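J.: What follows is query.pdb; its format and atoms are PDB, C-alpha atoms and all ligand atoms.
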```pdb
ATOM      1  CA  MET A  24    -128.181-105.161 -29.488  1.00  0.00           C
ATOM      2  CA  THR A  25    -126.396-106.860 -26.579  1.00  0.00           C
ATOM      3  CA  SER A  26    -124.078-109.892 -26.975  1.00  0.00           C
ATOM      4  CA  GLN A  27    -123.497-109.110 -30.637  1.00  0.00           C
ATOM      5  CA  HIS A  28    -119.837-109.122 -31.644  1.00  0.00           C
ATOM      6  CA  MET A  29    -118.263-106.047 -33.257  1.00  0.00           C
ATOM      7  CA  LEU A  30    -114.812-106.362 -34.825  1.00  0.00           C
ATOM      8  CA  ILE A  31    -113.098-103.001 -35.286  1.00  0.00           C
ATOM      9  CA  THR A  32    -109.770-102.257 -36.951  1.00  0.00           C
ATOM     10  CA  ALA A  33    -107.942 -99.016 -36.233  1.00  0.00           C
ATOM     11  CA  GLY A  34    -104.639 -97.213 -36.578  1.00  0.00           C
ATOM     12  CA  PRO A  35    -101.984 -97.282 -39.280  1.00  0.00           C
ATOM     13  CA  THR A  36     -99.924-100.089 -40.721  1.00  0.00           C
ATOM     14  CA  HIS A  37     -96.133-100.014 -40.673  1.00  0.00           C
ATOM     15  CA  GLU A  38     -94.627-101.693 -43.709  1.00  0.00           C
ATOM     16  CA  PRO A  39     -90.968-102.603 -43.152  1.00  0.00           C
ATOM     17  CA  ILE A  40     -88.197-101.259 -45.363  1.00  0.00           C
ATOM     18  CA  ASP A  41     -85.514-102.986 -43.286  1.00  0.00           C
ATOM     19  CA  ALA A  42     -85.077-103.997 -39.629  1.00  0.00           C
ATOM     20  CA  VAL A  43     -85.393-100.421 -38.333  1.00  0.00           C
ATOM     21  CA  ARG A  44     -87.360 -98.445 -40.955  1.00  0.00           C
ATOM     22  CA  PHE A  45     -90.911 -98.547 -42.201  1.00  0.00           C
ATOM     23  CA  LEU A  46     -93.481 -96.814 -44.428  1.00  0.00           C
ATOM     24  CA  GLY A  47     -96.425 -95.670 -42.347  1.00  0.00           C
ATOM     25  CA  ASN A  48     -99.051 -92.948 -42.048  1.00  0.00           C
ATOM     26  CA  ARG A  49    -100.272 -90.483 -39.422  1.00  0.00           C
ATOM     27  CA  SER A  50    -103.396 -92.374 -38.325  1.00  0.00           C
ATOM     28  CA  SER A  51    -103.758 -92.034 -34.537  1.00  0.00           C
ATOM     29  CA  GLY A  52    -106.284 -94.862 -33.987  1.00  0.00           C
ATOM     30  CA  ARG A  53    -108.480 -92.332 -32.153  1.00  0.00           C
ATOM     31  CA  MET A  54    -111.682 -92.941 -34.162  1.00  0.00           C
ATOM     32  CA  GLY A  55    -111.587 -96.747 -33.941  1.00  0.00           C
ATOM     33  CA  SER A  56    -110.636 -96.581 -30.303  1.00  0.00           C
ATOM     34  CA  ALA A  57    -113.542 -94.213 -29.510  1.00  0.00           C
ATOM     35  CA  LEU A  58    -115.952 -96.461 -31.404  1.00  0.00           C
ATOM     36  CA  ALA A  59    -114.709 -99.550 -29.520  1.00  0.00           C
ATOM     37  CA  THR A  60    -115.247 -97.736 -26.204  1.00  0.00           C
ATOM     38  CA  ALA A  61    -118.753 -96.583 -27.189  1.00  0.00           C
ATOM     39  CA  ALA A  62    -119.733-100.066 -28.429  1.00  0.00           C
ATOM     40  CA  ALA A  63    -118.443-101.818 -25.279  1.00  0.00           C
ATOM     41  CA  ALA A  64    -120.413 -99.347 -23.148  1.00  0.00           C
ATOM     42  CA  CYS A  65    -123.563-100.266 -25.126  1.00  0.00           C
ATOM     43  CA  GLY A  66    -123.154-103.990 -24.447  1.00  0.00           C
ATOM     44  CA  TRP A  67    -121.377-105.156 -27.618  1.00  0.00           C
ATOM     45  CA  ARG A  68    -118.638-107.753 -27.345  1.00  0.00           C
ATOM     46  CA  VAL A  69    -115.798-105.812 -28.954  1.00  0.00           C
ATOM     47  CA  THR A  70    -112.557-107.020 -30.515  1.00  0.00           C
ATOM     48  CA  LEU A  71    -110.257-104.188 -31.549  1.00  0.00           C
ATOM     49  CA  LEU A  72    -107.445-104.957 -33.994  1.00  0.00           C
ATOM     50  CA  MET A  73    -105.117-102.024 -33.428  1.00  0.00           C
ATOM     51  CA  GLY A  74    -102.087-101.003 -35.454  1.00  0.00           C
ATOM     52  CA  PRO A  75     -98.993 -99.230 -34.117  1.00  0.00           C
ATOM     53  CA  ALA A  76    -100.943 -96.163 -32.939  1.00  0.00           C
ATOM     54  CA  PRO A  77    -100.393 -94.015 -29.852  1.00  0.00           C
ATOM     55  CA  ILE A  78    -104.073 -94.097 -28.765  1.00  0.00           C
ATOM     56  CA  VAL A  79    -105.395 -97.297 -27.187  1.00  0.00           C
ATOM     57  CA  PRO A  80    -108.651 -97.676 -25.263  1.00  0.00           C
ATOM     58  CA  THR A  81    -108.521 -98.352 -21.521  1.00  0.00           C
ATOM     59  CA  ASP A  82    -111.890-100.150 -21.221  1.00  0.00           C
ATOM     60  CA  THR A  83    -110.986-103.683 -20.099  1.00  0.00           C
ATOM     61  CA  ARG A  84    -114.127-105.111 -21.728  1.00  0.00           C
ATOM     62  CA  ILE A  85    -112.452-104.531 -25.120  1.00  0.00           C
ATOM     63  CA  SER A  86    -110.385-107.421 -26.403  1.00  0.00           C
ATOM     64  CA  LEU A  87    -107.339-105.663 -27.859  1.00  0.00           C
ATOM     65  CA  ILE A  88    -105.048-107.343 -30.397  1.00  0.00           C
ATOM     66  CA  ARG A  89    -102.125-105.507 -31.994  1.00  0.00           C
ATOM     67  CA  PHE A  90    -100.889-105.722 -35.601  1.00  0.00           C
ATOM     68  CA  ARG A  91     -98.071-104.040 -37.472  1.00  0.00           C
ATOM     69  CA  THR A  92     -98.332-104.732 -41.178  1.00  0.00           C
ATOM     70  CA  CYS A  93    -101.070-105.208 -43.760  1.00  0.00           C
ATOM     71  CA  SER A  94    -100.126-108.913 -43.828  1.00  0.00           C
ATOM     72  CA  ASP A  95    -100.533-109.202 -40.030  1.00  0.00           C
ATOM     73  CA  LEU A  96    -103.963-107.594 -40.298  1.00  0.00           C
ATOM     74  CA  GLN A  97    -104.943-109.859 -43.199  1.00  0.00           C
ATOM     75  CA  ALA A  98    -104.172-112.937 -41.061  1.00  0.00           C
ATOM     76  CA  LEU A  99    -106.073-111.514 -38.064  1.00  0.00           C
ATOM     77  CA  LEU A 100    -109.102-110.684 -40.202  1.00  0.00           C
ATOM     78  CA  ARG A 101    -109.190-114.212 -41.627  1.00  0.00           C
ATOM     79  CA  GLU A 102    -109.233-115.517 -38.046  1.00  0.00           C
ATOM     80  CA  HIS A 103    -111.679-113.044 -36.468  1.00  0.00           C
ATOM     81  CA  VAL A 104    -114.167-112.032 -39.200  1.00  0.00           C
ATOM     82  CA  PRO A 105    -116.002-115.402 -39.149  1.00  0.00           C
ATOM     83  CA  LYS A 106    -116.808-114.754 -35.441  1.00  0.00           C
ATOM     84  CA  ALA A 107    -118.081-111.177 -35.980  1.00  0.00           C
ATOM     85  CA  ASP A 108    -121.580-109.828 -36.608  1.00  0.00           C
ATOM     86  CA  VAL A 109    -120.265-106.417 -37.665  1.00  0.00           C
ATOM     87  CA  LEU A 110    -116.859-105.414 -39.050  1.00  0.00           C
ATOM     88  CA  VAL A 111    -115.852-101.750 -38.894  1.00  0.00           C
ATOM     89  CA  MET A 112    -112.712-101.173 -40.921  1.00  0.00           C
ATOM     90  CA  ALA A 113    -111.348 -97.871 -39.600  1.00  0.00           C
ATOM     91  CA  ALA A 114    -107.670 -98.869 -40.018  1.00  0.00           C
ATOM     92  CA  ALA A 115    -105.567 -96.771 -42.389  1.00  0.00           C
ATOM     93  CA  VAL A 116    -104.096 -99.728 -44.252  1.00  0.00           C
ATOM     94  CA  ALA A 117    -101.146 -99.059 -46.557  1.00  0.00           C
ATOM     95  CA  ASP A 118    -102.013 -99.222 -50.251  1.00  0.00           C
ATOM     96  CA  TYR A 119     -98.365 -99.963 -51.158  1.00  0.00           C
ATOM     97  CA  ARG A 120     -95.517-101.656 -49.317  1.00  0.00           C
ATOM     98  CA  PRO A 121     -91.775-101.840 -49.998  1.00  0.00           C
ATOM     99  CA  LYS A 122     -90.857-104.818 -52.157  1.00  0.00           C
ATOM    100  CA  VAL A 123     -87.928-105.997 -50.100  1.00  0.00           C
ATOM    101  CA  ASP A 124     -86.663-109.547 -49.638  1.00  0.00           C
ATOM    102  CA  PRO A 125     -88.022-110.536 -46.166  1.00  0.00           C
ATOM    103  CA  ALA A 126     -84.598-112.050 -45.418  1.00  0.00           C
ATOM    104  CA  PHE A 127     -83.355-108.447 -45.392  1.00  0.00           C
ATOM    105  CA  PHE A 128     -85.757-107.347 -42.618  1.00  0.00           C
ATOM    106  CA  GLY A 129     -83.043-108.492 -40.176  1.00  0.00           C
ATOM    107  CA  GLY A 130     -80.573-106.093 -41.789  1.00  0.00           C
ATOM    108  CA  LYS A 131     -80.237-102.370 -42.456  1.00  0.00           C
ATOM    109  CA  PHE A 132     -79.819-100.297 -45.616  1.00  0.00           C
ATOM    110  CA  ARG A 133     -76.426 -98.550 -45.474  1.00  0.00           C
ATOM    111  CA  ARG A 134     -75.731 -94.992 -46.614  1.00  0.00           C
ATOM    112  CA  LYS A 135     -74.138 -94.891 -50.053  1.00  0.00           C
ATOM    113  CA  SER A 136     -73.302 -91.966 -52.285  1.00  0.00           C
ATOM    114  CA  GLU A 137     -75.612 -93.055 -55.147  1.00  0.00           C
ATOM    115  CA  LYS A 138     -79.410 -92.721 -54.955  1.00  0.00           C
ATOM    116  CA  LEU A 139     -81.528 -95.497 -53.487  1.00  0.00           C
ATOM    117  CA  VAL A 140     -84.703 -96.522 -55.332  1.00  0.00           C
ATOM    118  CA  LEU A 141     -87.330 -98.230 -53.229  1.00  0.00           C
ATOM    119  CA  GLU A 142     -89.691-100.459 -55.180  1.00  0.00           C
ATOM    120  CA  LEU A 143     -93.288-100.598 -53.874  1.00  0.00           C
ATOM    121  CA  GLU A 144     -95.868-103.278 -54.534  1.00  0.00           C
ATOM    122  CA  PRO A 145     -99.638-102.917 -54.061  1.00  0.00           C
ATOM    123  CA  THR A 146    -101.128-104.483 -50.930  1.00  0.00           C
ATOM    124  CA  PRO A 147    -104.295-106.581 -51.115  1.00  0.00           C
ATOM    125  CA  ASP A 148    -107.577-104.736 -50.443  1.00  0.00           C
ATOM    126  CA  LEU A 149    -108.437-106.421 -47.146  1.00  0.00           C
ATOM    127  CA  LEU A 150    -111.954-105.027 -46.823  1.00  0.00           C
ATOM    128  CA  ALA A 151    -112.904-106.037 -50.373  1.00  0.00           C
ATOM    129  CA  GLU A 152    -111.460-109.499 -49.660  1.00  0.00           C
ATOM    130  CA  VAL A 153    -113.463-110.124 -46.489  1.00  0.00           C
ATOM    131  CA  ALA A 154    -116.608-108.489 -47.910  1.00  0.00           C
ATOM    132  CA  SER A 155    -116.527-110.842 -50.914  1.00  0.00           C
ATOM    133  CA  THR A 156    -116.575-113.939 -48.675  1.00  0.00           C
ATOM    134  CA  ARG A 157    -118.858-112.754 -45.887  1.00  0.00           C
ATOM    135  CA  ARG A 158    -122.027-114.419 -44.667  1.00  0.00           C
ATOM    136  CA  PRO A 159    -125.278-112.624 -45.572  1.00  0.00           C
ATOM    137  CA  ASP A 160    -125.949-111.882 -41.878  1.00  0.00           C
ATOM    138  CA  GLN A 161    -122.635-110.022 -41.454  1.00  0.00           C
ATOM    139  CA  MET A 162    -122.534-106.256 -41.774  1.00  0.00           C
ATOM    140  CA  MET A 163    -119.446-104.440 -43.040  1.00  0.00           C
ATOM    141  CA  VAL A 164    -118.547-100.788 -42.636  1.00  0.00           C
ATOM    142  CA  GLY A 165    -115.688 -99.126 -44.518  1.00  0.00           C
ATOM    143  CA  PHE A 166    -113.964 -95.804 -44.001  1.00  0.00           C
ATOM    144  CA  ALA A 167    -112.769 -93.343 -46.635  1.00  0.00           C
ATOM    145  CA  LEU A 168    -110.396 -90.453 -46.156  1.00  0.00           C
ATOM    146  CA  GLU A 169    -110.719 -88.086 -49.093  1.00  0.00           C
ATOM    147  CA  PRO A 170    -110.126 -84.509 -50.235  1.00  0.00           C
ATOM    148  CA  ARG A 171    -113.189 -82.518 -49.162  1.00  0.00           C
ATOM    149  CA  ASP A 172    -114.376 -81.654 -52.709  1.00  0.00           C
ATOM    150  CA  GLU A 173    -114.240 -85.326 -53.775  1.00  0.00           C
ATOM    151  CA  LEU A 174    -115.678 -86.775 -50.574  1.00  0.00           C
ATOM    152  CA  GLU A 175    -119.213 -87.698 -51.643  1.00  0.00           C
ATOM    153  CA  ALA A 176    -118.282 -89.088 -55.069  1.00  0.00           C
ATOM    154  CA  SER A 177    -115.364 -91.109 -53.650  1.00  0.00           C
ATOM    155  CA  VAL A 178    -117.453 -92.514 -50.814  1.00  0.00           C
ATOM    156  CA  ARG A 179    -120.105 -93.655 -53.302  1.00  0.00           C
ATOM    157  CA  ALA A 180    -117.452 -95.286 -55.499  1.00  0.00           C
ATOM    158  CA  LYS A 181    -115.897 -97.066 -52.495  1.00  0.00           C
ATOM    159  CA  LEU A 182    -119.228 -98.432 -51.261  1.00  0.00           C
ATOM    160  CA  GLU A 183    -119.757 -99.993 -54.716  1.00  0.00           C
ATOM    161  CA  ARG A 184    -116.208-101.222 -55.202  1.00  0.00           C
ATOM    162  CA  LYS A 185    -115.834-102.798 -51.760  1.00  0.00           C
ATOM    163  CA  LYS A 186    -119.393-104.171 -51.601  1.00  0.00           C
ATOM    164  CA  VAL A 187    -119.979-102.969 -48.035  1.00  0.00           C
ATOM    165  CA  ASP A 188    -123.142-101.798 -46.249  1.00  0.00           C
ATOM    166  CA  MET A 189    -121.935 -98.400 -45.086  1.00  0.00           C
ATOM    167  CA  VAL A 190    -118.976 -96.110 -45.739  1.00  0.00           C
ATOM    168  CA  VAL A 191    -117.922 -93.405 -43.297  1.00  0.00           C
ATOM    169  CA  GLY A 192    -116.415 -90.529 -45.263  1.00  0.00           C
ATOM    170  CA  ASN A 193    -114.029 -88.031 -43.691  1.00  0.00           C
ATOM    171  CA  PRO A 194    -112.066 -85.164 -45.190  1.00  0.00           C
ATOM    172  CA  LEU A 195    -108.267 -85.586 -45.253  1.00  0.00           C
ATOM    173  CA  GLU A 196    -107.772 -83.205 -42.297  1.00  0.00           C
ATOM    174  CA  THR A 197    -109.483 -85.778 -40.036  1.00  0.00           C
ATOM    175  CA  MET A 198    -106.349 -87.916 -39.814  1.00  0.00           C
ATOM    176  CA  ASP A 199    -104.522 -87.418 -36.525  1.00  0.00           C
ATOM    177  CA  SER A 200    -107.066 -84.739 -35.528  1.00  0.00           C
ATOM    178  CA  GLU A 201    -109.232 -84.547 -32.370  1.00  0.00           C
ATOM    179  CA  SER A 202    -112.384 -83.742 -34.332  1.00  0.00           C
ATOM    180  CA  VAL A 203    -114.259 -84.981 -37.358  1.00  0.00           C
ATOM    181  CA  GLU A 204    -116.654 -83.591 -39.991  1.00  0.00           C
ATOM    182  CA  GLY A 205    -117.770 -87.009 -41.146  1.00  0.00           C
ATOM    183  CA  MET A 206    -120.712 -88.364 -43.098  1.00  0.00           C
ATOM    184  CA  VAL A 207    -122.125 -91.830 -43.592  1.00  0.00           C
ATOM    185  CA  LEU A 208    -123.354 -93.287 -46.870  1.00  0.00           C
ATOM    186  CA  PHE A 209    -125.694 -96.265 -46.754  1.00  0.00           C
ATOM    187  CA  LYS A 210    -126.214 -98.924 -49.431  1.00  0.00           C
ATOM    188  CA  ASP A 211    -129.609 -97.462 -50.406  1.00  0.00           C
ATOM    189  CA  GLY A 212    -127.935 -94.143 -51.270  1.00  0.00           C
ATOM    190  CA  ARG A 213    -128.915 -92.239 -48.104  1.00  0.00           C
ATOM    191  CA  ILE A 214    -126.357 -89.891 -46.611  1.00  0.00           C
ATOM    192  CA  GLU A 215    -126.406 -88.789 -42.973  1.00  0.00           C
ATOM    193  CA  ARG A 216    -124.123 -86.294 -41.281  1.00  0.00           C
ATOM    194  CA  PRO A 217    -124.064 -84.801 -37.769  1.00  0.00           C
ATOM    195  CA  ALA A 218    -125.394 -81.244 -37.523  1.00  0.00           C
ATOM    196  CA  GLU A 219    -121.961 -79.931 -36.558  1.00  0.00           C
ATOM    197  CA  LYS A 220    -118.265 -80.740 -36.354  1.00  0.00           C
ATOM    198  CA  LEU A 221    -117.749 -83.198 -33.486  1.00  0.00           C
ATOM    199  CA  ALA A 222    -114.892 -84.450 -31.331  1.00  0.00           C
ATOM    200  CA  LYS A 223    -114.095 -88.055 -32.289  1.00  0.00           C
ATOM    201  CA  ALA A 224    -115.286 -89.176 -28.840  1.00  0.00           C
ATOM    202  CA  ALA A 225    -118.694 -87.635 -29.675  1.00  0.00           C
ATOM    203  CA  PHE A 226    -118.763 -88.792 -33.312  1.00  0.00           C
ATOM    204  CA  ALA A 227    -118.259 -92.428 -32.171  1.00  0.00           C
ATOM    205  CA  PRO A 228    -121.635 -92.787 -30.345  1.00  0.00           C
ATOM    206  CA  TRP A 229    -123.336 -90.942 -33.243  1.00  0.00           C
ATOM    207  CA  LEU A 230    -121.828 -93.475 -35.665  1.00  0.00           C
ATOM    208  CA  LEU A 231    -122.577 -96.416 -33.369  1.00  0.00           C
ATOM    209  CA  GLU A 232    -126.244 -95.444 -33.355  1.00  0.00           C
ATOM    210  CA  LYS A 233    -126.253 -95.480 -37.201  1.00  0.00           C
ATOM    211  CA  ILE A 234    -124.547 -98.906 -37.245  1.00  0.00           C
ATOM    212  CA  GLU A 235    -126.996-100.327 -34.697  1.00  0.00           C
ATOM    213  CA  ARG A 236    -129.983 -98.924 -36.609  1.00  0.00           C
ATOM    214  CA  GLU A 237    -128.709-100.421 -39.875  1.00  0.00           C
ATOM    215  CA  ALA A 238    -128.007-103.798 -38.233  1.00  0.00           C
ATOM    216  CA  MET A 239    -131.523-103.792 -36.797  1.00  0.00           C
ATOM    217  CA  ALA A 240    -133.046-102.870 -40.176  1.00  0.00           C
ATOM    218  CA  ARG A 241    -131.130-105.698 -41.855  1.00  0.00           C
ATOM    219  CA  SER A 242    -132.373-108.275 -39.350  1.00  0.00           C
ATOM    220  CA  THR A 243    -136.014-107.068 -39.200  1.00  0.00           C
ATOM    221  CA  GLY A 244    -136.450-105.531 -42.651  1.00  0.00           C
ATOM    222  CA  ILE A 245    -137.839-102.395 -40.956  1.00  0.00           C
ATOM    223  CA  ARG A 246    -136.102 -99.070 -41.644  1.00  0.00           C
ATOM    224  CA  HIS A 247    -136.921 -95.912 -39.641  1.00  0.00           C
TER     225      HIS A 247
HETATM  226  N1  LIG A 301    -108.526-100.825 -46.895  1.00  0.00           N
HETATM  227  C1  LIG A 301    -108.258-102.178 -46.868  1.00  0.00           C
HETATM  228  N2  LIG A 301    -107.107-102.653 -47.427  1.00  0.00           N
HETATM  229  C2  LIG A 301    -106.237-101.828 -48.014  1.00  0.00           C
HETATM  230  C3  LIG A 301    -106.495-100.428 -48.062  1.00  0.00           C
HETATM  231  C4  LIG A 301    -107.653 -99.962 -47.478  1.00  0.00           C
HETATM  232  O1  LIG A 301    -109.064-102.939 -46.330  1.00  0.00           O
HETATM  233  N3  LIG A 301    -105.121-102.324 -48.546  1.00  0.00           N
HETATM  234  C5  LIG A 301    -109.785-100.337 -46.280  1.00  0.00           C
HETATM  235  C6  LIG A 301    -109.637 -99.254 -45.240  1.00  0.00           C
HETATM  236  O2  LIG A 301    -109.528 -99.802 -43.948  1.00  0.00           O
HETATM  237  C7  LIG A 301    -110.937 -98.468 -45.398  1.00  0.00           C
HETATM  238  C8  LIG A 301    -111.278 -98.636 -46.871  1.00  0.00           C
HETATM  239  O3  LIG A 301    -110.568 -99.785 -47.311  1.00  0.00           O
HETATM  240  O4  LIG A 301    -111.998 -99.015 -44.659  1.00  0.00           O
HETATM  241  C9  LIG A 301    -110.916 -97.457 -47.740  1.00  0.00           C
HETATM  242  O5  LIG A 301    -109.537 -97.220 -47.645  1.00  0.00           O
HETATM  243  P1  LIG A 301    -108.869 -96.145 -48.602  1.00  0.00           P
HETATM  244  O6  LIG A 301    -107.391 -96.189 -48.393  1.00  0.00           O
HETATM  245  O7  LIG A 301    -109.574 -94.835 -48.447  1.00  0.00           O
HETATM  246  O8  LIG A 301    -109.279 -96.688 -50.029  1.00  0.00           O
HETATM  247  P2  LIG A 301    -108.520 -97.484 -51.123  1.00  0.00           P
HETATM  248  O9  LIG A 301    -109.287 -98.695 -51.474  1.00  0.00           O
HETATM  249  O10 LIG A 301    -107.122 -97.704 -50.703  1.00  0.00           O
HETATM  250  O11 LIG A 301    -108.641 -96.518 -52.370  1.00  0.00           O
HETATM  251  P3  LIG A 301    -107.831 -95.160 -52.754  1.00  0.00           P
HETATM  252  O12 LIG A 301    -106.424 -95.346 -52.360  1.00  0.00           O
HETATM  253  O13 LIG A 301    -108.048 -95.088 -54.223  1.00  0.00           O
HETATM  254  O14 LIG A 301    -108.524 -94.059 -52.032  1.00  0.00           O
END
```
Represent the structure contained in this file as structure tokens.
Ligand code: CTP
T.:
Amino acid sequence: MTSQHMLITAGPTHEPIDAVRFLGNRSSGRMGSALATAAAACGWRVTLLMGPAPIVPTDTRISLIRFRTCSDLQALLREHVPKADVLVMAAAVADYRPKVDPAFFGGKFRRKSEKLVLELEPTPDLLAEVASTRRPDQMMVGFALEPRDELEASVRAKLERKKVDMVVGNPLETMDSESVEGMVLFKDGRIERPAEKLAKAAFAPWLLEKIEREAMARSTGIRH
């Protein structure tokens, strides 16, 4: 699987409210970072699009590009997806962003005695967008963070809705945690899960092996 190009997104987005405030989430970037490290070690050319997260990989073989907002990531995906064989969308992209006049991003909301109502607008679904225009040879992997009792049903719905090849499902507690109790759903309905709870650094090579096996099956038509 050497010299193939894997594009990975990781970390949160920060959606500006004004020049100094944002709406974000607690994604640490740990999962995407661990996957990038595992893939580079296995000979993949890796580009990691990383949001404003505290965890960044140290492997110099990884081409690291930072983004802040959903719009930044949208522009980067439009540039980099055409060059990728596999896209792994582990970023925790905001579903809503403040609807604020961009001219105001240079300013600051002031304290007033009356309440402040912040209007939010939906962001575009970046994965669905790139999946709808992909080449047949490109493989796309989504992530889903869900309440544990809804995990399997939600992962199945997301695989359909986003038209991807695989969805990695994780319970909500996975965010910002060291470990993961994940599962992977494939397009043919198969589900695979590790035998036990794993550290993200150990889940990443497990997941990489599933991605490599699926990529191989797609190119040869042989599934083991
Ligand atoms: N995603 C995306 N663009 C968004 C939101 C999410 O590309 N604006 C991607 C994530 O990177 C992830 C997948 O879609 O790979 C699922 O994200 P999630 O937030 O769980 O799903 P949503 O489509 O936002 O659905 P819901 O909020 O109903 O769970």
J.: For ligand LIG 301 (chain A), return the neighbouring residues as a PyMOL selection string (distance at most 9 Å; all atoms listed in the file).
T.: chain A and resi 32-33+93+97+111-119+145-153+164-169+177-178+181+184-185+190-192
J.: Can I get the selection written as an mmCIF file, keeping the file's coordinate frame, with C-alpha atoms?
T.:
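What ended up in again_26.cif:
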```cif
data_model
loop_
_atom_site.group_PDB
_atom_site.id
_atom_site.type_symbol
_atom_site.label_atom_id
_atom_site.label_comp_id
_atom_site.auth_asym_id
_atom_site.auth_seq_id
_atom_site.Cartn_x
_atom_site.Cartn_y
_atom_site.Cartn_z
ATOM 1 C CA THR A 32 -109.770 -102.257 -36.951
ATOM 2 C CA ALA A 33 -107.942 -99.016 -36.233
ATOM 3 C CA CYS A 93 -101.070 -105.208 -43.760
ATOM 4 C CA GLN A 97 -104.943 -109.859 -43.199
ATOM 5 C CA VAL A 111 -115.852 -101.750 -38.894
ATOM 6 C CA MET A 112 -112.712 -101.173 -40.921
ATOM 7 C CA ALA A 113 -111.348 -97.871 -39.600
ATOM 8 C CA ALA A 114 -107.670 -98.869 -40.018
ATOM 9 C CA ALA A 115 -105.567 -96.771 -42.389
ATOM 10 C CA VAL A 116 -104.096 -99.728 -44.252
ATOM 11 C CA ALA A 117 -101.146 -99.059 -46.557
ATOM 12 C CA ASP A 118 -102.013 -99.222 -50.251
ATOM 13 C CA TYR A 119 -98.365 -99.963 -51.158
ATOM 14 C CA PRO A 145 -99.638 -102.917 -54.061
ATOM 15 C CA THR A 146 -101.128 -104.483 -50.930
ATOM 16 C CA PRO A 147 -104.295 -106.581 -51.115
ATOM 17 C CA ASP A 148 -107.577 -104.736 -50.443
ATOM 18 C CA LEU A 149 -108.437 -106.421 -47.146
ATOM 19 C CA LEU A 150 -111.954 -105.027 -46.823
ATOM 20 C CA ALA A 151 -112.904 -106.037 -50.373
ATOM 21 C CA GLU A 152 -111.460 -109.499 -49.660
ATOM 22 C CA VAL A 153 -113.463 -110.124 -46.489
ATOM 23 C CA VAL A 164 -118.547 -100.788 -42.636
ATOM 24 C CA GLY A 165 -115.688 -99.126 -44.518
ATOM 25 C CA PHE A 166 -113.964 -95.804 -44.001
ATOM 26 C CA ALA A 167 -112.769 -93.343 -46.635
ATOM 27 C CA LEU A 168 -110.396 -90.453 -46.156
ATOM 28 C CA GLU A 169 -110.719 -88.086 -49.093
ATOM 29 C CA SER A 177 -115.364 -91.109 -53.650
ATOM 30 C CA VAL A 178 -117.453 -92.514 -50.814
ATOM 31 C CA LYS A 181 -115.897 -97.066 -52.495
ATOM 32 C CA ARG A 184 -116.208 -101.222 -55.202
ATOM 33 C CA LYS A 185 -115.834 -102.798 -51.760
ATOM 34 C CA VAL A 190 -118.976 -96.110 -45.739
ATOM 35 C CA VAL A 191 -117.922 -93.405 -43.297
ATOM 36 C CA GLY A 192 -116.415 -90.529 -45.263
#
```
J.: Apply the PyMOL selection byres (((chain A and resi 74) around 6) and not hetatm) to the file shown and report the selected residues as a PyMOL selection string.
T.: chain A and resi 34-36+73+75-76+89-91
J.: Kindly indicate which residue among A:Val123, A:Leu110, A:Leu30, A:Leu100 lies nearest to A:Phe45, using all atoms listed in the file for the distances.
T.: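 Answer, going by the shortest atom-to-atom distance: A:Val123.
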J.: Name the closest residue to A:Ala98 among the candidates A:Val140, A:Leu72, A:Ile245, A:Val79; distances are taken between atoms, counting only C-alpha atoms.
T.: A:Leu72
J.: Go ahead and compute the interatomic distance for atom CA of A:Gly66 and atom CA of A:Arg84, in Å to one decimal.
T.: 9.5 Å
J.: Out of A:Ser86, A:Leu231, A:Asp160, A:Ala176, which residue has the shortest atom-to-atom distance to A:Thr243 when counting all atoms listed in the file?
T.: A:Asp160
J.: In Å to one decimal, how far is atom CA of A:Thr70 from atom CA of A:Phe209?
T.: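 Answer for the atom CA of A:Phe209 to atom CA of A:Thr70 separation: 23.5 Å.
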J.: Taking 6 positions as the minimum chain separation for residues in the same chain, which residues sit within 12 Å of A:Gly212 when counting all atoms listed in the file? Answer as a list in words.
T.: Glu175, Ala176, Val178, Arg179, Ala180, Leu182, Glu183, Asp188, Met189 and Val190 of chain A
J.: In Å, with one decimal, what is the gap from atom CA of A:Glu142 to atom CA of A:Asp41?
T.: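 So the answer is 12.9 Å.
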J.: Scan for residues within 7 Å of the point (-107.1, -93.1, -34.1) in the coordinates of the file, using only C-alpha atoms, and reply as a ChimeraX atom specification.
T.: /A:33-34,50-56,76,78,199
J.: Kindly provide, as JSON, the centre and edge lengths (Å, one decimal) of an axis-aligned box around all atoms of stretch 35-50 of chain A given in the file, with 5 Å on each side.
T.:
```
{"center_x": -94.2, "center_y": -97.2, "center_z": -41.8, "size_x": 28.3, "size_y": 23.5, "size_z": 17.0}
```
